[in-house]
Each structure stands twice: as C-alpha cells, then as structure tokens.
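All remarks here apply to the structure that follows.
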Amino acid sequence: MSFVKSKEGQVLTKPLIAVNPVMIQTLGVCSSLAVTVQLKPALVMSISLLVVTTASNVIISMIRNIIPAKIRIITYMVIISTLVALADQVLKAYLFEVSKQLSVFVGLIITNCIVMGRAEAFATTNTPKMAALDGIGNGLGYSIVLCAVATAREILGSGKLMGFKVVPEALYDAGYVNNGLMVLAPGAFFLIGIFIWLSKTFYKGEK
Amino acid sequence: MDFIGLISIALTSIFISNILLANFLGMCSFLECSKNVKTANGLGLAVIFVLTLTAPLNWAIYTYLLKDEALAWLNLPNVNLEFLVFLTFIAVIASSVQIVEMVMEKFTPALYSALGIFLPLITVNCAILGVCLFFVERKYTLLETTVFSFSSGVGWWLAIMGLAAINKKLKYSNVPEGLRGLGITFLTTGLMAMAFMCFAGISL
C-alpha cells in the first residue's frame with residue numbers, strides 16, 4: 001500500500017483510471033476505436049503502444065536538457081517514428097497476420113497523442129525513472145480501455161473471444177442474434193461514450 | 001485509370017468510408033475543435049489543403065525512393081527502403097506544414113490569421129498520416145492518390161462541420177451530468193456514423 005501512496009506509485013497508478021489517457025485526457029482516441037473489433041489485435045496494439053510510450057518517454061527524458069526548445073516537437077517526432085518503425089518491423093516478422101489486420105494503425109502510433117502528449121507534458125520535466133513509470137502507467141491505462149472495448153465488441157458483435165466461441169449454442173437456438181452494429185464503426189463510438197459516462201459517474205468524487 | 005473510377009474513389013472516401021466516421025482518423029482534433037462552427041470550418045479547410053499538398057508529395061517520394069526496387073534508376077535494384085516510410089512521411093508532413101505556414105504568413109496574411117493556430121496542430125492529425133499510409137497499402141496511382149487525399153479532406157471537413165453544428169444546438173439541451181462533454185460527443189458521433197452508413201448501398 002505504501003508504494004501506491006509514494007510519488008512513484010502515484011505516477012504509475014493514477015493514469016490507470018483516475019486520469020485515464022483515453023477517457024479523461026482524450027488522448028489516443030483514434031486507434032482505440034479502430035482496432036477494437038476483436039480482442040487479439042487490440043492486445044497486440046496495447047503492447048506496442050506500451051513499449052513505444054515507455055521507450056520514447058525514457059529517451060526524451062534522458063536528452064531533455066539538450067533538446068533546443070524551438071525544435072523539440074520535431075525531435076520527438078523523429079524519436080517516436082524510429083521506435084514505431086522498429087515496432088512495425090518486429091510485428092511484421094513475428095505476428096504477420098495480426099499486423100496485416102492492424103494495417104495502418106501501427107504506423108499511426110506516431111500521431112497517437114498519448115505518446116506525444118506524455119513526452120511534452122511529463123518526460124521533458126522529469127527524470128528518466130519517473131518518465132518510464134509514467135509511460136508504463138499511461139500505456140496500461142490505454143490498454144485497459146482498449147481491451148474492455150474490444151472484449152465487449154467481440155462478444156456482442158460476433159459471440160467470440162480471442163477467436164473462440166463463448167456465447168453458447170443454446171442461446172442462438174433460443175433466438176439470440178449477434179449484434180452486427182458492434183462490429184461496425186458506430187458500435188465503437190457508442191461503447192466508448194458509455195464507458196466515459198460510467199467512469200465519470202463513478203470517479204466523480206476523486207477528482 | 002478511367003474517369004468513373006476516380007469518381008468512385010471520391011464518393012467512397014467522402015461518404016461511404018468517411019475518413020473520420022468509418023476509419024476513426026483525426027479524432028483528437030475533431031473532439032477538441034468542434035465547439036464552434038467557425039473554428040471547425042477553419043480547421044477543416046486547413047486539413048483539406050495540407051492533405052492535397054502532402055499526399056501526392058509523399059506518393060512521389062515513396063514511388064521513386066522508398067518502394068521495393070524503386071532505386072532501380074540509380075542502378076541499385078536490390079535496395080528496399082520501405083522501413084523508412086514512417087520517418088519520411090512524418091518529416092514531409094511536418095516540413096510542408098511549416099512551409100505552408102510561412103508562405104501563407106507572407107502572401108495571404110488574412111487567411112493566415114484565420115487558419116494560423118490550426119496549422120501546427122495538423123502535423124499530429126492522424127488523418128494526414130493515415131491517408132498517406134492508406135495509399136501505400138492500396139497501391140494507388142498518382143492521380144488516384146490526389147483525388148483520394150482531396151476527397152478524404154472534404155469528408156473530414158464535412159464530419160467536423162456536422163458535429164460542430166450539432167454541438168451548437170446541444171448547448172440548449174439537458175444532458176445527464178456524467179455524459180456532458182466528451183461522452184455525449186461520442187454518442188453524437190456514433191449517430192452520425194450510423195447516418196453515414198446509409199450511403200454504403202451506393203455502388204458505382
């Protein structure tokens with residue numbers, strides 16, 4: 001418990017729900033909608049983003065005192081896109097199917113505001129250790145939302161989870177039908193909207 | 001490429017698979033800047049402008065420098081620089097936004113002061129990079145890329161104008177407390193996406 005209360009613990013745990021990057025800070029919304037039709041690509045995407053955010057936070061924090069303020073954005077861009085290119089190559093080599101499914105969205109981690117936003121808001125003013133914790137925390141916060149939305153969409157939309165059937169046959173026999181809307185774009189918008197509603201209602205007191 | 005094909009690309013990217021409502025690209029600035037119609041209009045026009053400028057530029061760089069076997073004209077047939085795509089595209093986008101900003105400041109100060117604050121934002125708008133990565137994936141020609149990028153921009157402008165107009169009316173309605181702000185925006189966008197899905201039946 002003392003770790004959670006300490007400064008390091010706060011940096012790590014706060015982004016999980018209280019200042020969740022997607023729901024409260026509105027960062028990185030694009031990809032959280034697009035890759036959540038099934039759980040598997042969502043998981044891969046979360047892990048890639050977690051790694052990229054943490055690495056970019058650490059690198060930027062290490063060189064924060066020598067980046068000239070005027071060209072800092074372009075410096076971040078170069079660091080982040082190099083890391084994303086690395087992530088993309090790794091995915092293509094080891095998880096080709098999923099990387100095809102994610103299509104352009106791996107590349108779009110570059111313009112994912114979480115990476116950029118945390119670099120600008122946190123990494124430039126903190127030590128590498130804190131920046132790493134912040135990166136992990138925000139990456140996990142993003143993963144929680146992504147996996148929750150993906151789970152809901154896959155179960156409701158196609159009755160499966162990670163490609164396995166979870167909705168029993170008996171239900172289909174009784175007249176249950178998969179909700180086709182969940183697979184399509186509007187389903188994602190509605191789910192995220194509802195998630196934000198729930199989290200705002202339940203965490204109102206902690207702000 | 002025949003004329004009908006180009007029209008089909010244009011209609012598809014404006015209505016049927018709208019860059020924002022079906023592909024979720026450019027959400028961040030969409031959510032931030034849809035508070036009033038004037039701002040939304042400015043940002044939308046800036047996006048159309050930058051997209052139409054950078055996508056063909058990126059296409060040329062990709063086709064003649066980065067693609068597999070693209071360096072054959074330099075007698076380097078076995079070189080594949082495709083892994084540099086992200087780095088190059090984002091650099092091209094960032095620098096052309098910068099150039100556009102400087103040119104506009106010099107020659108059209110009125111337009112610059114109207115769009116000025118939005119231009120830097122566009123660099124990190126995922127719609128721009130998204131369109132650039134889409135034409136690589138779909139293997140478009142130069143003409144197709146130009147049409148595709150312009151009409152994607154128009155689609156984005158259409159979506160943000162729509163949301164801004166709805167938000168203006170929404171100010172007067174009584175929304176549940178937890179849903180105010182971001183939540184209701186998402187639900188509205190969802191309904192807009194559903195409305196745009198009606199175009200899906202059109203085939204050319």
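In the structure tokens, the first chain shown is A, the next is B, and so on; residue numbers restart at 1 for each chain, and ligands run from 1 in the order shown.
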Do a neighbour search on Lys38 (chain B) at 12 Å with only C-alpha atoms, toss out local chain neighbours closer than 6 positions, and write the hits as number ranges by chain. B: 44-45, 114-115, 157, 160-162, 164-165, 168
Give me, as a PyMOL selection string, the contact residues of chain B against chain A at a cut-off of 8 Å, counting only C-alpha atoms. chain B and resi 21-28+83-84+86-87+90-91+94+124-126+129-130+133-134+137+178-179+182-187+189-191+193-194
Export, as a PDB file, in the first residue's frame, the selected residues with C-alpha atoms.
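That gives us selection-v5.pdb:
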```pdb
ATOM      1  CA  LEU B  21     -16.655   8.218 -39.175  1.00  0.00           C
ATOM      2  CA  ALA B  22     -15.629   4.857 -40.616  1.00  0.00           C
ATOM      3  CA  ASN B  23     -11.844   4.839 -40.204  1.00  0.00           C
ATOM      4  CA  PHE B  24     -11.636   6.871 -36.990  1.00  0.00           C
ATOM      5  CA  LEU B  25      -8.775   9.030 -38.242  1.00  0.00           C
ATOM      6  CA  GLY B  26      -8.279  12.533 -36.909  1.00  0.00           C
ATOM      7  CA  MET B  27     -10.418  12.030 -33.820  1.00  0.00           C
ATOM      8  CA  CYS B  28      -8.316  14.084 -31.420  1.00  0.00           C
ATOM      9  CA  PHE B  83      11.154   0.553 -43.392  1.00  0.00           C
ATOM     10  CA  LEU B  84      11.845   4.295 -43.644  1.00  0.00           C
ATOM     11  CA  PHE B  86       7.052   6.334 -41.266  1.00  0.00           C
ATOM     12  CA  LEU B  87      10.060   8.509 -40.641  1.00  0.00           C
ATOM     13  CA  ILE B  90       6.068  12.363 -40.916  1.00  0.00           C
ATOM     14  CA  ALA B  91       9.091  14.513 -41.784  1.00  0.00           C
ATOM     15  CA  ALA B  94       5.864  18.361 -40.633  1.00  0.00           C
ATOM     16  CA  VAL B 124      -0.144  15.488 -35.452  1.00  0.00           C
ATOM     17  CA  ASN B 125      -3.556  14.957 -37.033  1.00  0.00           C
ATOM     18  CA  CYS B 126      -3.676  11.257 -37.763  1.00  0.00           C
ATOM     19  CA  LEU B 129      -0.553  10.312 -41.934  1.00  0.00           C
ATOM     20  CA  GLY B 130      -3.423   7.846 -42.216  1.00  0.00           C
ATOM     21  CA  LEU B 133      -0.313   5.146 -45.307  1.00  0.00           C
ATOM     22  CA  PHE B 134      -3.592   4.117 -46.970  1.00  0.00           C
ATOM     23  CA  GLU B 137      -1.471  -0.077 -48.739  1.00  0.00           C
ATOM     24  CA  GLY B 178     -21.777  12.318 -16.315  1.00  0.00           C
ATOM     25  CA  LEU B 179     -22.410  12.325 -20.024  1.00  0.00           C
ATOM     26  CA  LEU B 182     -16.869  14.025 -24.123  1.00  0.00           C
ATOM     27  CA  GLY B 183     -19.481  11.336 -23.525  1.00  0.00           C
ATOM     28  CA  ILE B 184     -22.305  12.959 -25.428  1.00  0.00           C
ATOM     29  CA  THR B 185     -19.902  13.928 -28.221  1.00  0.00           C
ATOM     30  CA  PHE B 186     -19.096  10.260 -28.714  1.00  0.00           C
ATOM     31  CA  LEU B 187     -22.742   9.251 -28.785  1.00  0.00           C
ATOM     32  CA  THR B 189     -20.589  10.911 -33.455  1.00  0.00           C
ATOM     33  CA  GLY B 190     -21.898   7.354 -33.270  1.00  0.00           C
ATOM     34  CA  LEU B 191     -25.274   8.503 -34.551  1.00  0.00           C
ATOM     35  CA  ALA B 193     -21.587   7.384 -38.271  1.00  0.00           C
ATOM     36  CA  MET B 194     -24.827   5.421 -38.441  1.00  0.00           C
TER      37      MET B 194
END
```
Using CA of Ile63 (chain A) and CA of Val115 (chain A) as the two end points, give the distance in Å to one decimal.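 Computing the Euclidean distance for CA of Ile63 (chain A) and CA of Val115 (chain A) yields 16.2 Å.
Look at Ser149 (chain B): the protein and nucleic acid residues within 8 Å of it, using only C-alpha atoms and passing over chain neighbours fewer than 5 places away, are Ile48, Leu51, Thr52, Ala55 and Val131 of chain B.
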Those same residues - C-alpha atoms - I'd like them written as a PDB file, in the first residue's frame.
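The resulting file, selection04.pdb, is shown below:
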```pdb
ATOM      1  CA  ILE B  48      -8.098  19.661 -46.997  1.00  0.00           C
ATOM      2  CA  LEU B  51      -3.751  16.726 -47.329  1.00  0.00           C
ATOM      3  CA  THR B  52      -3.980  17.578 -51.028  1.00  0.00           C
ATOM      4  CA  ALA B  55      -0.175  13.111 -50.105  1.00  0.00           C
ATOM      5  CA  VAL B 131      -4.237   8.881 -45.783  1.00  0.00           C
TER       6      VAL B 131
END
```
Find the residue from B:Val154, B:Ile16, B:Leu66, B:Val103 that sits nearest to Ala127 (chain B); use only C-alpha atoms when measuring.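 Among the listed residues, the smallest separation from Ala127 (chain B) belongs to B:Val154.
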Selection near region 4-14 of chain A, 9 Å with only C-alpha atoms, sequence-local residues under 2 positions removed, as a list in words: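 Listing them by chain and then by number gives Met1, Ser2, Leu16, Ile17, Ala18, Val19, Asn20, Lys129, Met130, Ala131, Ala132, Leu133, Asp134, Gly135, Ile136, Gly137, Asn138 and Gly141 of chain A.
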Hey, what does DSSP flag as helix (DSSP H, G or I) within region 3-151 of chain B? Can you give it to me as a count of residues only? 119
Enter the distance from CA of Val100 (chain B) to CA of Leu119 (chain B), in Å, rounded to one decimal.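 Separation between CA of Val100 (chain B) and CA of Leu119 (chain B): 8.5 Å.
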Strand (DSSP E) positions in chain A, given as a count of residues only: 4
How many Å separate CA of Gln98 (chain B) from CA of Lys67 (chain B)? 25.9 Å
Pick from B:Leu31, B:Leu81, B:Ile122, B:Met102 nearest to Tyr64 (chain B), counting only C-alpha atoms: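 Once distances to Tyr64 (chain B) are computed over only C-alpha atoms, the minimum belongs to B:Leu81.
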Write out as a PDB file with N, CA, C and O atoms, in the first residue's frame the residues lying within 9 Å of region 161-175 of chain A, counting only C-alpha atoms and excluding same-chain residues fewer than 3 positions away.
```pdb
ATOM      1  N   GLN A  38     -11.873  -6.983 -32.505  1.00  0.00           N
ATOM      2  CA  GLN A  38     -11.569  -8.242 -31.827  1.00  0.00           C
ATOM      3  C   GLN A  38     -10.530  -8.002 -30.748  1.00  0.00           C
ATOM      4  O   GLN A  38      -9.796  -7.018 -30.796  1.00  0.00           O
ATOM      5  N   LEU A  39     -10.452  -8.937 -29.803  1.00  0.00           N
ATOM      6  CA  LEU A  39      -9.559  -8.734 -28.669  1.00  0.00           C
ATOM      7  C   LEU A  39      -8.086  -8.888 -29.057  1.00  0.00           C
ATOM      8  O   LEU A  39      -7.232  -8.165 -28.566  1.00  0.00           O
ATOM      9  N   LYS A  40      -7.791  -9.813 -29.979  1.00  0.00           N
ATOM     10  CA  LYS A  40      -6.382 -10.117 -30.251  1.00  0.00           C
ATOM     11  C   LYS A  40      -5.620  -8.919 -30.832  1.00  0.00           C
ATOM     12  O   LYS A  40      -4.577  -8.540 -30.294  1.00  0.00           O
ATOM     13  N   THR A 151     -13.260  -6.488 -25.840  1.00  0.00           N
ATOM     14  CA  THR A 151     -13.979  -7.634 -25.300  1.00  0.00           C
ATOM     15  C   THR A 151     -15.472  -7.479 -25.534  1.00  0.00           C
ATOM     16  O   THR A 151     -16.142  -8.384 -26.037  1.00  0.00           O
ATOM     17  N   GLU A 154     -16.281  -7.813 -29.272  1.00  0.00           N
ATOM     18  CA  GLU A 154     -16.164  -9.145 -29.867  1.00  0.00           C
ATOM     19  C   GLU A 154     -17.264 -10.064 -29.358  1.00  0.00           C
ATOM     20  O   GLU A 154     -17.843 -10.827 -30.133  1.00  0.00           O
ATOM     21  N   ILE A 155     -17.567  -9.992 -28.056  1.00  0.00           N
ATOM     22  CA  ILE A 155     -18.615 -10.868 -27.520  1.00  0.00           C
ATOM     23  C   ILE A 155     -19.975 -10.496 -28.091  1.00  0.00           C
ATOM     24  O   ILE A 155     -20.718 -11.339 -28.592  1.00  0.00           O
ATOM     25  N   LEU A 156     -20.301  -9.201 -28.062  1.00  0.00           N
ATOM     26  CA  LEU A 156     -21.622  -8.787 -28.548  1.00  0.00           C
ATOM     27  C   LEU A 156     -21.730  -8.869 -30.064  1.00  0.00           C
ATOM     28  O   LEU A 156     -22.775  -9.201 -30.605  1.00  0.00           O
ATOM     29  N   SER A 158     -19.720 -10.711 -32.402  1.00  0.00           N
ATOM     30  CA  SER A 158     -19.587 -11.983 -33.113  1.00  0.00           C
ATOM     31  C   SER A 158     -19.667 -13.194 -32.179  1.00  0.00           C
ATOM     32  O   SER A 158     -19.420 -14.314 -32.602  1.00  0.00           O
ATOM     33  N   ASN A 178     -26.375 -12.240 -33.016  1.00  0.00           N
ATOM     34  CA  ASN A 178     -25.246 -11.332 -32.817  1.00  0.00           C
ATOM     35  C   ASN A 178     -25.627  -9.924 -33.237  1.00  0.00           C
ATOM     36  O   ASN A 178     -26.331  -9.731 -34.217  1.00  0.00           O
TER      37      ASN A 178
END
```
